[in-house]
Structure formats: structure tokens, C-alpha cells
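For reference, target_31.pdb is printed below; it contains PDB, C-alpha atoms.
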```
ATOM      1  CA  VAL A 208      -3.776  11.021  16.761
ATOM      2  CA  THR A 209      -1.680   8.409  14.962
ATOM      3  CA  GLN A 210      -1.217   8.565  11.198
ATOM      4  CA  PRO A 211      -2.789   5.516   9.478
ATOM      5  CA  TRP A 212      -0.353   2.881   8.236
ATOM      6  CA  THR A 213       0.988   3.484   4.723
ATOM      7  CA  GLY A 214       3.245   1.319   2.554
ATOM      8  CA  TYR A 215       4.314   1.275  -1.070
ATOM      9  CA  VAL A 216       4.262  -0.953  -4.159
ATOM     10  CA  ALA A 217       7.623  -2.682  -4.753
ATOM     11  CA  SER A 218       6.858  -3.912  -8.288
ATOM     12  CA  VAL A 219       4.071  -4.906 -10.668
ATOM     13  CA  ASP A 220       3.921  -7.840 -13.107
ATOM     14  CA  ASP A 221       0.764  -7.985 -15.253
ATOM     15  CA  ASN A 222      -2.093  -8.218 -12.718
ATOM     16  CA  ARG A 223       0.138  -9.002  -9.716
ATOM     17  CA  VAL A 224       1.402  -6.382  -7.292
ATOM     18  CA  PHE A 225       4.371  -7.155  -5.037
ATOM     19  CA  LEU A 226       4.562  -5.455  -1.648
ATOM     20  CA  PRO A 227       7.542  -5.233   0.763
ATOM     21  CA  PHE A 228       5.449  -6.043   3.849
ATOM     22  CA  GLY A 229       3.425  -9.007   5.002
ATOM     23  CA  LYS A 230       2.426 -11.001   8.074
ATOM     24  CA  SER A 231       4.758  -8.957  10.284
ATOM     25  CA  ILE A 232       2.387  -5.960  10.043
ATOM     26  CA  GLY A 233      -0.763  -8.064  10.420
ATOM     27  CA  ILE A 234      -1.822  -8.256   6.786
ATOM     28  CA  LYS A 235      -4.146 -11.165   5.919
ATOM     29  CA  ARG A 236      -5.055 -13.059   2.750
ATOM     30  CA  GLY A 237      -8.196 -11.626   1.123
ATOM     31  CA  GLU A 238      -7.798  -8.119   2.525
ATOM     32  CA  ILE A 239      -8.431  -5.224   0.154
ATOM     33  CA  LEU A 240      -5.815  -2.465  -0.009
ATOM     34  CA  GLU A 241      -6.150   0.883  -1.773
ATOM     35  CA  ILE A 242      -3.486   2.146  -4.169
ATOM     36  CA  TYR A 243      -2.706   5.864  -4.487
ATOM     37  CA  GLU A 244      -0.472   7.920  -6.729
ATOM     38  CA  GLY A 245       2.857   8.717  -5.127
ATOM     39  CA  GLY A 246       2.657  11.589  -2.741
ATOM     40  CA  LYS A 247       4.763  14.125  -1.003
ATOM     41  CA  VAL A 248       6.777  13.672   2.198
ATOM     42  CA  VAL A 249       6.315  16.536   4.664
ATOM     43  CA  GLU A 250       8.049  17.159   7.969
ATOM     44  CA  ASN A 251       6.571  18.802  11.055
ATOM     45  CA  PHE A 252       8.368  21.089  13.491
ATOM     46  CA  LYS A 253       9.532  18.072  15.568
ATOM     47  CA  GLY A 254      11.184  16.452  12.563
ATOM     48  CA  GLN A 255       8.540  13.718  12.150
ATOM     49  CA  GLN A 256       7.877  12.805   8.523
ATOM     50  CA  PHE A 257       4.449  12.127   7.052
ATOM     51  CA  ILE A 258       3.373  10.960   3.589
ATOM     52  CA  LEU A 259       0.619  12.887   1.851
ATOM     53  CA  HIS A 260      -0.828  10.644  -0.846
ATOM     54  CA  GLY A 261      -2.125  11.611  -4.268
ATOM     55  CA  LYS A 262      -5.437  10.455  -5.743
ATOM     56  CA  LYS A 263      -6.715   6.888  -5.420
ATOM     57  CA  ILE A 264      -5.956   4.889  -8.576
ATOM     58  CA  GLY A 265      -7.033   1.337  -7.705
ATOM     59  CA  GLU A 266      -7.463  -1.549  -5.290
ATOM     60  CA  ILE A 267      -5.768  -4.910  -4.804
ATOM     61  CA  ARG A 268      -6.741  -8.106  -2.968
ATOM     62  CA  ILE A 269      -3.978  -9.876  -1.024
ATOM     63  CA  THR A 270      -3.459 -13.387  -2.407
ATOM     64  CA  ARG A 271      -0.154 -14.499  -0.839
ATOM     65  CA  MET A 272       1.788 -13.494   2.268
ATOM     66  CA  GLU A 273       5.206 -14.129   3.693
ATOM     67  CA  GLU A 274       6.570 -12.693   6.922
ATOM     68  CA  LYS A 275       7.940  -9.560   5.252
ATOM     69  CA  SER A 276       6.381  -9.540   1.774
ATOM     70  CA  SER A 277       3.052 -10.146   0.083
ATOM     71  CA  THR A 278       1.404 -10.322  -3.325
ATOM     72  CA  GLY A 279      -1.934  -8.933  -4.397
ATOM     73  CA  GLU A 280      -4.067  -9.063  -7.530
ATOM     74  CA  ILE A 281      -5.385  -5.875  -9.086
ATOM     75  CA  ILE A 282      -9.179  -5.775  -8.726
ATOM     76  CA  SER A 283      -9.683  -2.203  -9.948
ATOM     77  CA  GLY A 284      -7.690   0.595 -11.506
ATOM     78  CA  LYS A 285      -4.981   1.023 -14.114
ATOM     79  CA  ASN A 286      -1.399   2.237 -14.305
ATOM     80  CA  ILE A 287      -0.440   0.846 -10.881
ATOM     81  CA  GLN A 288       3.340   0.956 -10.629
ATOM     82  CA  ALA A 289       6.296   0.662  -8.269
ATOM     83  CA  GLY A 290       6.371   3.526  -5.807
ATOM     84  CA  ASN A 291       2.586   3.965  -5.570
ATOM     85  CA  LEU A 292       1.323   4.252  -1.997
ATOM     86  CA  VAL A 293      -0.721   1.497  -0.340
ATOM     87  CA  LYS A 294      -3.244   1.903   2.488
ATOM     88  CA  TYR A 295      -5.771  -0.334   4.207
ATOM     89  CA  LYS A 296      -9.245   0.185   2.795
ATOM     90  CA  ARG A 297     -11.447   1.997   5.300
TER
END
```

Mind converting the file's structure to C-alpha cells?
Amino acid sequence: VTQPWTGYVASVDDNRVFLPFGKSIGIKRGEILEIYEGGKVVENFKGQQFILHGKKIGEIRITRMEEKSSTGEIISGKNIQAGNLVKYKR
């Protein structure tokens, strides 16, 4: 079983959220991503690291993409900040 992709928020300016990933991971304009409180990094017996996220605090819609960065607009939630975790909406 592969752990689902997880990223993080680089910065926030008003209603815009800046992400340090973009087209290179297959993200598309209009996609909805979920934002979670920062979590804890755990390591298994083989040394692999995994991120355990906190509670869901909002959602963003991708509005602009570059090869290795993207921007989204907050569509729900409050107190989204740099370091929050980002996941594809299921």
C-alpha cells in the first residue's frame, strides 16, 4: 500500500495560498485540495518517514500552476497558514 501524496502550504496572502508544487506532480487548474493542521512525522522500522496529519481545516481550489509551484484560492476554512499539510480531496 502506498501512502497518498501529501504536500504543504508555502505561504498565504489574504485568500491566496501558495504551494511549492505544480504541474510536475500532475496538479490541474480547478482541482480541490484539502488543508490540514500540521502533523507529526513518524518513522517505521525500515527508516521510512510518514506524515500523520491533524484535523482538516479547509479547502482550496487551484487557480494557477507553474511547473514546480501553484496558487489556490481558499474556498472554505480559516486560519490556513504556512506549514499546513495539503492533500488531494478524495

Legend entry - Chain and number of each residue from the PyMOL selection byres ((chain A and resi 271) around 9), as a list of chain:residue names: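 Output from the PyMOL selection byres ((chain A and resi 271) around 9), applied to this file: A:Gly229, A:Lys235, A:Arg236, A:Gly237, A:Ile269, A:Thr270, A:Met272, A:Glu273, A:Ser276, A:Ser277, A:Thr278, A:Gly279.
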
File dump, residues just selected, C-alpha atoms, as an mmCIF file, in the coordinates of the input:
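Dumped everything to again_23.cif:
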```cif
data_model
loop_
_atom_site.group_PDB
_atom_site.id
_atom_site.type_symbol
_atom_site.label_atom_id
_atom_site.label_comp_id
_atom_site.auth_asym_id
_atom_site.auth_seq_id
_atom_site.Cartn_x
_atom_site.Cartn_y
_atom_site.Cartn_z
ATOM 1 C CA GLY A 229 3.425 -9.007 5.002
ATOM 2 C CA LYS A 235 -4.146 -11.165 5.919
ATOM 3 C CA ARG A 236 -5.055 -13.059 2.750
ATOM 4 C CA GLY A 237 -8.196 -11.626 1.123
ATOM 5 C CA ILE A 269 -3.978 -9.876 -1.024
ATOM 6 C CA THR A 270 -3.459 -13.387 -2.407
ATOM 7 C CA MET A 272 1.788 -13.494 2.268
ATOM 8 C CA GLU A 273 5.206 -14.129 3.693
ATOM 9 C CA SER A 276 6.381 -9.540 1.774
ATOM 10 C CA SER A 277 3.052 -10.146 0.083
ATOM 11 C CA THR A 278 1.404 -10.322 -3.325
ATOM 12 C CA GLY A 279 -1.934 -8.933 -4.397
#
```

Inset, instruction - Please write the residues picked by the PyMOL selection byres ((chain A and resi 225) around 12) on this file as an MDAnalysis selection string. - result: chainID A and resid 214:224 226:229 267:273 275:281 287:291 293

Would you save the residues of that selection, restricted to C-alpha atoms, as a PDB file, in the frame of the given file?
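Written file, selection_3.pdb:
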```pdb
ATOM      1  CA  GLY A 214       3.245   1.319   2.554  1.00  0.00           C
ATOM      2  CA  TYR A 215       4.314   1.275  -1.070  1.00  0.00           C
ATOM      3  CA  VAL A 216       4.262  -0.953  -4.159  1.00  0.00           C
ATOM      4  CA  ALA A 217       7.623  -2.682  -4.753  1.00  0.00           C
ATOM      5  CA  SER A 218       6.858  -3.912  -8.288  1.00  0.00           C
ATOM      6  CA  VAL A 219       4.071  -4.906 -10.668  1.00  0.00           C
ATOM      7  CA  ASP A 220       3.921  -7.840 -13.107  1.00  0.00           C
ATOM      8  CA  ASP A 221       0.764  -7.985 -15.253  1.00  0.00           C
ATOM      9  CA  ASN A 222      -2.093  -8.218 -12.718  1.00  0.00           C
ATOM     10  CA  ARG A 223       0.138  -9.002  -9.716  1.00  0.00           C
ATOM     11  CA  VAL A 224       1.402  -6.382  -7.292  1.00  0.00           C
ATOM     12  CA  LEU A 226       4.562  -5.455  -1.648  1.00  0.00           C
ATOM     13  CA  PRO A 227       7.542  -5.233   0.763  1.00  0.00           C
ATOM     14  CA  PHE A 228       5.449  -6.043   3.849  1.00  0.00           C
ATOM     15  CA  GLY A 229       3.425  -9.007   5.002  1.00  0.00           C
ATOM     16  CA  ILE A 267      -5.768  -4.910  -4.804  1.00  0.00           C
ATOM     17  CA  ARG A 268      -6.741  -8.106  -2.968  1.00  0.00           C
ATOM     18  CA  ILE A 269      -3.978  -9.876  -1.024  1.00  0.00           C
ATOM     19  CA  THR A 270      -3.459 -13.387  -2.407  1.00  0.00           C
ATOM     20  CA  ARG A 271      -0.154 -14.499  -0.839  1.00  0.00           C
ATOM     21  CA  MET A 272       1.788 -13.494   2.268  1.00  0.00           C
ATOM     22  CA  GLU A 273       5.206 -14.129   3.693  1.00  0.00           C
ATOM     23  CA  LYS A 275       7.940  -9.560   5.252  1.00  0.00           C
ATOM     24  CA  SER A 276       6.381  -9.540   1.774  1.00  0.00           C
ATOM     25  CA  SER A 277       3.052 -10.146   0.083  1.00  0.00           C
ATOM     26  CA  THR A 278       1.404 -10.322  -3.325  1.00  0.00           C
ATOM     27  CA  GLY A 279      -1.934  -8.933  -4.397  1.00  0.00           C
ATOM     28  CA  GLU A 280      -4.067  -9.063  -7.530  1.00  0.00           C
ATOM     29  CA  ILE A 281      -5.385  -5.875  -9.086  1.00  0.00           C
ATOM     30  CA  ILE A 287      -0.440   0.846 -10.881  1.00  0.00           C
ATOM     31  CA  GLN A 288       3.340   0.956 -10.629  1.00  0.00           C
ATOM     32  CA  ALA A 289       6.296   0.662  -8.269  1.00  0.00           C
ATOM     33  CA  GLY A 290       6.371   3.526  -5.807  1.00  0.00           C
ATOM     34  CA  ASN A 291       2.586   3.965  -5.570  1.00  0.00           C
ATOM     35  CA  VAL A 293      -0.721   1.497  -0.340  1.00  0.00           C
TER      36      VAL A 293
END
```

Inset, instruction - Have a look at A:Lys230, A:Tyr295, A:Glu274, A:Glu241 and name the one nearest to A:Gly261; count all atoms listed in the file. - result: A:Glu241

Residue by residue, what does the PyMOL selection byres ((chain A and resi 262) around 8) grab here? Present the result as a PDB file with C-alpha atoms, keeping the file's coordinate frame.
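Everything below was put into part_10.pdb:
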```pdb
ATOM      1  CA  TYR A 243      -2.706   5.864  -4.487  1.00  0.00           C
ATOM      2  CA  GLU A 244      -0.472   7.920  -6.729  1.00  0.00           C
ATOM      3  CA  HIS A 260      -0.828  10.644  -0.846  1.00  0.00           C
ATOM      4  CA  GLY A 261      -2.125  11.611  -4.268  1.00  0.00           C
ATOM      5  CA  LYS A 263      -6.715   6.888  -5.420  1.00  0.00           C
ATOM      6  CA  ILE A 264      -5.956   4.889  -8.576  1.00  0.00           C
TER       7      ILE A 264
END
```

Legend entry - Distance in Å - atom CA of A:Arg297 versus atom CA of A:Trp212: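 Those two atoms sit 11.5 Å apart.
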
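The gap separating atom CA of A:Leu292 from atom CA of A:Val249 is 14.8 Å, in Å to one decimal.
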
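One finds atom CA of A:Ile258 at 13.6 Å from atom CA of A:Ile242.
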
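For the choices A:Phe252, A:Ser231, A:Glu238, A:Lys247, the atom-to-atom distance to A:Lys296 is smallest for A:Glu238 when using all atoms listed in the file.
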
Legend entry - Counting all atoms listed in the file, the residue of A:Leu259, A:Gly254, A:Thr213, A:Gly265 that sits nearest A:Ile232: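 Of A:Leu259, A:Gly254, A:Thr213, A:Gly265, the one nearest A:Ile232 is A:Thr213, counting all atoms listed in the file.
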